[in-house]
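Take a look at the structure below.
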Amino acid sequence: MRKITALFLYFIGLTSFAQSVSVQADLQVPQIAYAYSKLCETLKSDHVLVQPPAQADFIIQLQLKQSLKSEAFEVKKVDDHIEVNGGDHRGLIYGTLALAEQLKNGIAFEDIKPEAGKPDQEFRGIKFNLPWETYRPSTALTQHTETVKDLKYWEAFLDMMVENRFNVISLWNMHPYTFMIKPKNFPEASPWSDAEMEEWQHFYHELFRMAKERALDTYLVHWSIFVSKSFSDAHELKGQNYYPHYYTPGDTTELVKQYTRECVKQVLEEYPNLDGIGISHGEGMAGMTPLERQQWMDEVIIKAMSEVERPVKLIHRVPFSSGLGSEGGTSKNVEVVTREAMEKLGDTFEGPIWVEMKFNWSHGHSTPRLVKVHGGKLGDTYFDPLPSNYKITWQMRNENFFALRWGVPSFIREHIALNGKAAYTGGNFIGSECYIPGLDYFTAVDEPVDWKWAFQRQWLFYKLWGRLMYDPTTPDAVFEQEYVRKYGNSAANLLNALSLSSNTSLQLASFYDIRWDFTLYGEGMLGLQGDSVKYISVESILDHPTTDPRYISIRDFVETNRAGGSFGEGEITPLMLADQLERDNSEALRLASIINIGDNASLMYEVADVKIWANLGLHLSEKILAGIALKEYQLTANALKKQKALEHLKKGLSYWEEIVKISRPIYKDMRLTHYNHNYFTANDDNWFHWEKVLKEVEEELERVKGM
């Protein structure tokens, strides 16, 4: 295949002062053409692109190099030309973007530094819940429908993924098939007109094409057993195995098996750029034993996938219910059944089977230590002996922060060090069940900002996870430089300030035991209590267990002290946690105070988020101290302890009032899926804002006064 060189001349400003550059690349390969186009976007602002190479001051060569491993790259300067070498197309894209990053940081061609990279985590994926037929019905999710149907949105989102070295996009919803095909033998399953079907198919074909162009793997992940409502109505099925129902009995009829099998196969045949399918045997399978669920998967989805005459990849989610219900549950029996089923597949699927497990249930952003998975504590069945055809991929679910920016690089590095180095691990998903990073439904100011969509507000979250999964040794300076490039030198301390303050969310989720999605919403200081999601009051933390066993609960702390006991090295008492929260968040506020915001609305939001997080951290510190005093009062009836608790709660209230003062002018009221509470139906009265929670904080103080 012949080489194609840059074919145009681009002039800017005084071209006599601009260096001329020739880029040599094989543009007949879509992935190389993509790398070339992204590099030219950077070059054209300060350089002249010329052809032929003899007329250029510098030559850049984009090429594959067999001696490099998969996804690896190197950038080398040799005399008057620069080589960008990739072990494969994905590595070449990363190398090209690494060179572009140096140029964006103001490094001249003659000063380009050698750079090399290779992946630490093999699987670096994003979990993206689609807003149509979402897992949990909620206007907080369906509000994103038009945004997420926009291919311009996906072009930007996929560009972000590649820039940050993610390599997998997984698309999740209840029953994706009738959005993608009109089933050949079951046309009655389709709710769409021919024109509507054509629009949906164009959307998915283009989405998968753009992902393939960027060397991204694509998966559909869905829950089972579900069908379209049109199919259910046409065949008068007895159950409610269609959206918006999700905790339903399994429909194991031969009709549904045949329909599902044919849908899976037809989608994989009609969408050659779709890489694989993800399976879930939980929701929609109530009334079935774990073995029956696995047998259904083998007979239906696995069978359909194996009949497709091209390589297909598999995500296998574990563990699910150990009983007959749809809720989570762990057991040795389920682990044995599932492992045996996967090992039976041998090399049926391309590459390892990716076995997805929720890290610390629905709140992976908590402690970096594995405490539990979906349903409880995990045994060692999946790891011992070492598997031969599958690898564990941790799902780092985030149900804790949607509005506020987050970034704690040390947490990600520690998570990878503790959980990503074993031979049986493959990497991580990041994403949410209760949040879609589509529509910007947060921004309240009229001033121009440098984002259009929600994921762009959280640019650091994605950059930290993607870059650190690829290389955990990536220094903080890389991320600090991004702040400087965006906002100037005064923003260099923003990474440190945000790391100190947004760590509040991790500390809360480590201290306050969590389970499924709605049990915690960290940035709102909300938790599921009884059947309702509401403010985490001081009373609710007195006897609440901790997530991380290193953290000591208030009850255990007070009772141990009263009994004359002590705590071991490495244990974190509530007093220690309160002190750390006070220290870190005070420093974050100090760092934020010296940043010159000027009239930059985007920078204003970055700094405001630091301040909101910091005040949340200081509020939590006071709540913990109040909780210690209140627990002591309950046990001793010492009025001085009650007075001390009140003093801390008053101070905590002042921090919440400061949060409202900062957030009210710049944040809209925001829809929140958690406000579905402990129910299966959507709640349209689901507006969240810190100001709306203020009354609960005030009522807490009054209740304690009346004790």
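As shown in the structure tokens, the chain order sets the letters A, B, ...; within each chain, residues go from 1, and ligands are also counted from 1 in the order they appear.
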Taking the chain letters and numbering used in this document, name the residues of segment 213-426 of chain A that DSSP puts in alpha helix (DSSP H), as a CSV table (one decimal) with N, CA and C atoms, in the first residue's frame.
chain,number,residue,atom,x,y,z
A,213,GLU,N,-12.8,3.8,13.4
A,213,GLU,CA,-11.8,4.7,12.8
A,213,GLU,C,-10.8,5.2,13.9
A,229,LYS,N,-41.8,-4.0,23.7
A,229,LYS,CA,-43.2,-4.0,24.1
A,229,LYS,C,-44.0,-4.4,22.9
A,230,SER,N,-43.6,-4.0,21.7
A,230,SER,CA,-44.4,-4.3,20.5
A,230,SER,C,-44.4,-5.9,20.4
A,231,PHE,N,-43.3,-6.5,20.6
A,231,PHE,CA,-43.3,-8.0,20.5
A,231,PHE,C,-44.2,-8.6,21.6
A,232,SER,N,-44.1,-8.1,22.8
A,232,SER,CA,-44.9,-8.6,23.9
A,232,SER,C,-46.4,-8.5,23.6
A,233,ASP,N,-46.8,-7.3,23.1
A,233,ASP,CA,-48.2,-7.1,22.8
A,233,ASP,C,-48.6,-8.0,21.7
A,234,ALA,N,-47.8,-8.1,20.6
A,234,ALA,CA,-48.2,-8.9,19.5
A,234,ALA,C,-48.4,-10.3,19.8
A,235,HIS,N,-47.7,-10.8,20.8
A,235,HIS,CA,-47.8,-12.3,21.1
A,235,HIS,C,-48.5,-12.5,22.5
A,254,GLU,N,-40.0,-20.9,24.4
A,254,GLU,CA,-39.3,-21.1,23.2
A,254,GLU,C,-39.4,-19.9,22.3
A,255,LEU,N,-40.5,-19.3,22.3
A,255,LEU,CA,-40.7,-18.1,21.4
A,255,LEU,C,-39.8,-17.0,21.7
A,256,VAL,N,-39.6,-16.7,23.0
A,256,VAL,CA,-38.7,-15.6,23.4
A,256,VAL,C,-37.3,-16.0,23.2
A,257,LYS,N,-37.0,-17.3,23.4
A,257,LYS,CA,-35.6,-17.7,23.1
A,257,LYS,C,-35.3,-17.5,21.6
A,258,GLN,N,-36.2,-18.0,20.8
A,258,GLN,CA,-35.9,-17.9,19.3
A,258,GLN,C,-35.8,-16.4,18.9
A,259,TYR,N,-36.7,-15.6,19.4
A,259,TYR,CA,-36.6,-14.2,19.1
A,259,TYR,C,-35.3,-13.5,19.5
A,260,THR,N,-34.9,-13.8,20.7
A,260,THR,CA,-33.7,-13.2,21.2
A,260,THR,C,-32.5,-13.7,20.5
A,261,ARG,N,-32.4,-15.0,20.2
A,261,ARG,CA,-31.3,-15.6,19.5
A,261,ARG,C,-31.2,-14.9,18.1
A,262,GLU,N,-32.3,-14.8,17.4
A,262,GLU,CA,-32.2,-14.2,16.1
A,262,GLU,C,-31.9,-12.7,16.1
A,263,CYS,N,-32.3,-12.0,17.1
A,263,CYS,CA,-31.9,-10.6,17.2
A,263,CYS,C,-30.4,-10.4,17.4
A,264,VAL,N,-29.8,-11.2,18.3
A,264,VAL,CA,-28.4,-11.1,18.6
A,264,VAL,C,-27.6,-11.4,17.3
A,265,LYS,N,-28.0,-12.5,16.6
A,265,LYS,CA,-27.2,-12.9,15.4
A,265,LYS,C,-27.4,-11.9,14.3
A,266,GLN,N,-28.6,-11.4,14.1
A,266,GLN,CA,-28.8,-10.4,13.0
A,266,GLN,C,-28.1,-9.1,13.3
A,267,VAL,N,-28.1,-8.6,14.5
A,267,VAL,CA,-27.3,-7.4,14.8
A,267,VAL,C,-25.9,-7.6,14.5
A,268,LEU,N,-25.3,-8.7,14.9
A,268,LEU,CA,-23.8,-8.9,14.7
A,268,LEU,C,-23.5,-9.0,13.2
A,269,GLU,N,-24.5,-9.6,12.5
A,269,GLU,CA,-24.2,-9.7,11.0
A,269,GLU,C,-24.4,-8.4,10.3
A,270,GLU,N,-25.4,-7.6,10.7
A,270,GLU,CA,-25.7,-6.3,10.0
A,270,GLU,C,-24.8,-5.2,10.4
A,290,PRO,N,-29.5,-19.9,39.6
A,290,PRO,CA,-28.3,-19.5,38.9
A,290,PRO,C,-28.0,-20.4,37.7
A,291,LEU,N,-28.2,-21.7,37.9
A,291,LEU,CA,-27.9,-22.6,36.8
A,291,LEU,C,-28.8,-22.4,35.7
A,292,GLU,N,-30.1,-22.2,35.9
A,292,GLU,CA,-31.1,-22.0,34.9
A,292,GLU,C,-30.7,-20.7,34.1
A,293,ARG,N,-30.3,-19.7,34.8
A,293,ARG,CA,-29.9,-18.5,34.1
A,293,ARG,C,-28.8,-18.7,33.2
A,294,GLN,N,-27.8,-19.4,33.7
A,294,GLN,CA,-26.6,-19.7,32.8
A,294,GLN,C,-26.9,-20.5,31.6
A,295,GLN,N,-27.8,-21.5,31.8
A,295,GLN,CA,-28.2,-22.4,30.7
A,295,GLN,C,-29.0,-21.6,29.7
A,296,TRP,N,-29.8,-20.6,30.1
A,296,TRP,CA,-30.5,-19.8,29.2
A,296,TRP,C,-29.5,-19.0,28.3
A,297,MET,N,-28.5,-18.4,29.0
A,297,MET,CA,-27.5,-17.6,28.3
A,297,MET,C,-26.8,-18.5,27.3
A,303,LYS,N,-25.1,-19.0,22.1
A,303,LYS,CA,-25.3,-19.8,20.8
A,303,LYS,C,-25.3,-18.8,19.6
A,304,ALA,N,-26.1,-17.8,19.7
A,304,ALA,CA,-26.2,-16.8,18.6
A,304,ALA,C,-24.9,-16.2,18.3
A,305,MET,N,-24.2,-15.8,19.3
A,305,MET,CA,-22.9,-15.2,19.0
A,305,MET,C,-21.9,-16.1,18.3
A,306,SER,N,-21.9,-17.4,18.8
A,306,SER,CA,-21.0,-18.3,18.2
A,306,SER,C,-21.3,-18.7,16.8
A,332,LYS,N,-20.7,-19.3,46.8
A,332,LYS,CA,-19.7,-20.2,46.1
A,332,LYS,C,-20.3,-20.9,45.0
A,333,ASN,N,-21.6,-21.4,45.1
A,333,ASN,CA,-22.3,-22.1,44.1
A,333,ASN,C,-22.4,-21.3,42.8
A,334,VAL,N,-22.8,-20.1,42.9
A,334,VAL,CA,-22.9,-19.2,41.7
A,334,VAL,C,-21.5,-19.1,41.0
A,335,GLU,N,-20.5,-18.8,41.8
A,335,GLU,CA,-19.2,-18.6,41.3
A,335,GLU,C,-18.7,-19.9,40.5
A,336,VAL,N,-18.9,-21.1,41.1
A,336,VAL,CA,-18.5,-22.3,40.4
A,336,VAL,C,-19.3,-22.5,39.1
A,337,VAL,N,-20.6,-22.3,39.1
A,337,VAL,CA,-21.4,-22.4,37.9
A,337,VAL,C,-20.9,-21.5,36.8
A,338,THR,N,-20.7,-20.3,37.2
A,338,THR,CA,-20.3,-19.3,36.2
A,338,THR,C,-18.9,-19.5,35.7
A,339,ARG,N,-18.0,-19.9,36.5
A,339,ARG,CA,-16.6,-20.2,36.0
A,339,ARG,C,-16.6,-21.3,35.1
A,340,GLU,N,-17.3,-22.4,35.5
A,340,GLU,CA,-17.4,-23.6,34.6
A,340,GLU,C,-17.9,-23.2,33.2
A,341,ALA,N,-19.0,-22.4,33.2
A,341,ALA,CA,-19.6,-22.0,32.0
A,341,ALA,C,-18.7,-21.2,31.1
A,342,MET,N,-17.9,-20.4,31.7
A,342,MET,CA,-17.0,-19.6,30.9
A,342,MET,C,-15.8,-20.4,30.4
A,343,GLU,N,-15.3,-21.3,31.2
A,343,GLU,CA,-14.2,-22.1,30.8
A,343,GLU,C,-14.6,-23.1,29.7
A,344,LYS,N,-15.8,-23.5,29.7
A,344,LYS,CA,-16.3,-24.4,28.7
A,344,LYS,C,-16.3,-23.8,27.3
A,409,PRO,N,-5.9,11.9,41.5
A,409,PRO,CA,-5.0,11.0,40.8
A,409,PRO,C,-4.4,9.9,41.7
A,410,SER,N,-4.2,10.2,43.0
A,410,SER,CA,-3.6,9.3,43.9
A,410,SER,C,-4.5,8.1,44.1
A,411,PHE,N,-5.8,8.3,44.1
A,411,PHE,CA,-6.8,7.2,44.3
A,411,PHE,C,-6.7,6.2,43.1
A,412,ILE,N,-6.6,6.8,41.9
A,412,ILE,CA,-6.6,5.9,40.7
A,412,ILE,C,-5.3,5.1,40.7
A,413,ARG,N,-4.2,5.7,41.0
A,413,ARG,CA,-2.9,5.0,41.1
A,413,ARG,C,-3.0,3.9,42.1
A,414,GLU,N,-3.5,4.2,43.3
A,414,GLU,CA,-3.6,3.2,44.3
A,414,GLU,C,-4.5,2.1,44.0
A,415,HIS,N,-5.6,2.4,43.4
A,415,HIS,CA,-6.5,1.3,42.9
A,415,HIS,C,-5.9,0.4,41.9
A,416,ILE,N,-5.1,0.9,41.0
A,416,ILE,CA,-4.5,0.1,40.0
A,416,ILE,C,-3.4,-0.7,40.7
A,417,ALA,N,-2.6,-0.1,41.6
A,417,ALA,CA,-1.6,-0.9,42.3
A,417,ALA,C,-2.1,-2.0,43.1
A,418,LEU,N,-3.3,-1.8,43.7
A,418,LEU,CA,-3.9,-2.9,44.6
A,418,LEU,C,-4.7,-3.9,43.8
A,419,ASN,N,-5.3,-3.5,42.7
A,419,ASN,CA,-6.3,-4.3,42.1
A,419,ASN,C,-6.0,-4.6,40.6
Sorted by chain and rising residue number, list the residues of segment 506-606 of chain A at most 8 Å from segment 443-451 of chain A (counting only C-alpha atoms), each with its closest atom pair and distance in Å to one decimal, as a Markdown table.
| residue | atom | partner | partner_atom | distance |
| --- | --- | --- | --- | --- |
| A:Asn600 | CA | A:Val449 | CA | 7.9 |
| A:Ala601 | CA | A:Val449 | CA | 5.9 |
| A:Ser602 | CA | A:Val449 | CA | 5.0 |
Legend entry - Using only C-alpha atoms: which of A:Leu635, A:Leu508, A:Ile612, A:Ile225 has the shortest distance to Arg664 of chain A: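 For Arg664 of chain A, the nearest of the candidates is A:Ile612.
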Legend entry - Distance criterion (only C-alpha atoms): nearest to Phe401 of chain A out of A:Gly431, A:Gly239, A:Gly87, A:Gly565: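 Checking each of A:Gly431, A:Gly239, A:Gly87, A:Gly565 against Phe401 of chain A, counting only C-alpha atoms, the winner is A:Gly431.
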Inset, instruction - Have a look at atom CA of Trp361 of chain A and atom CA of Ser138 of chain A and let me know their distance in Å, one decimal. - result: 21.2 Å
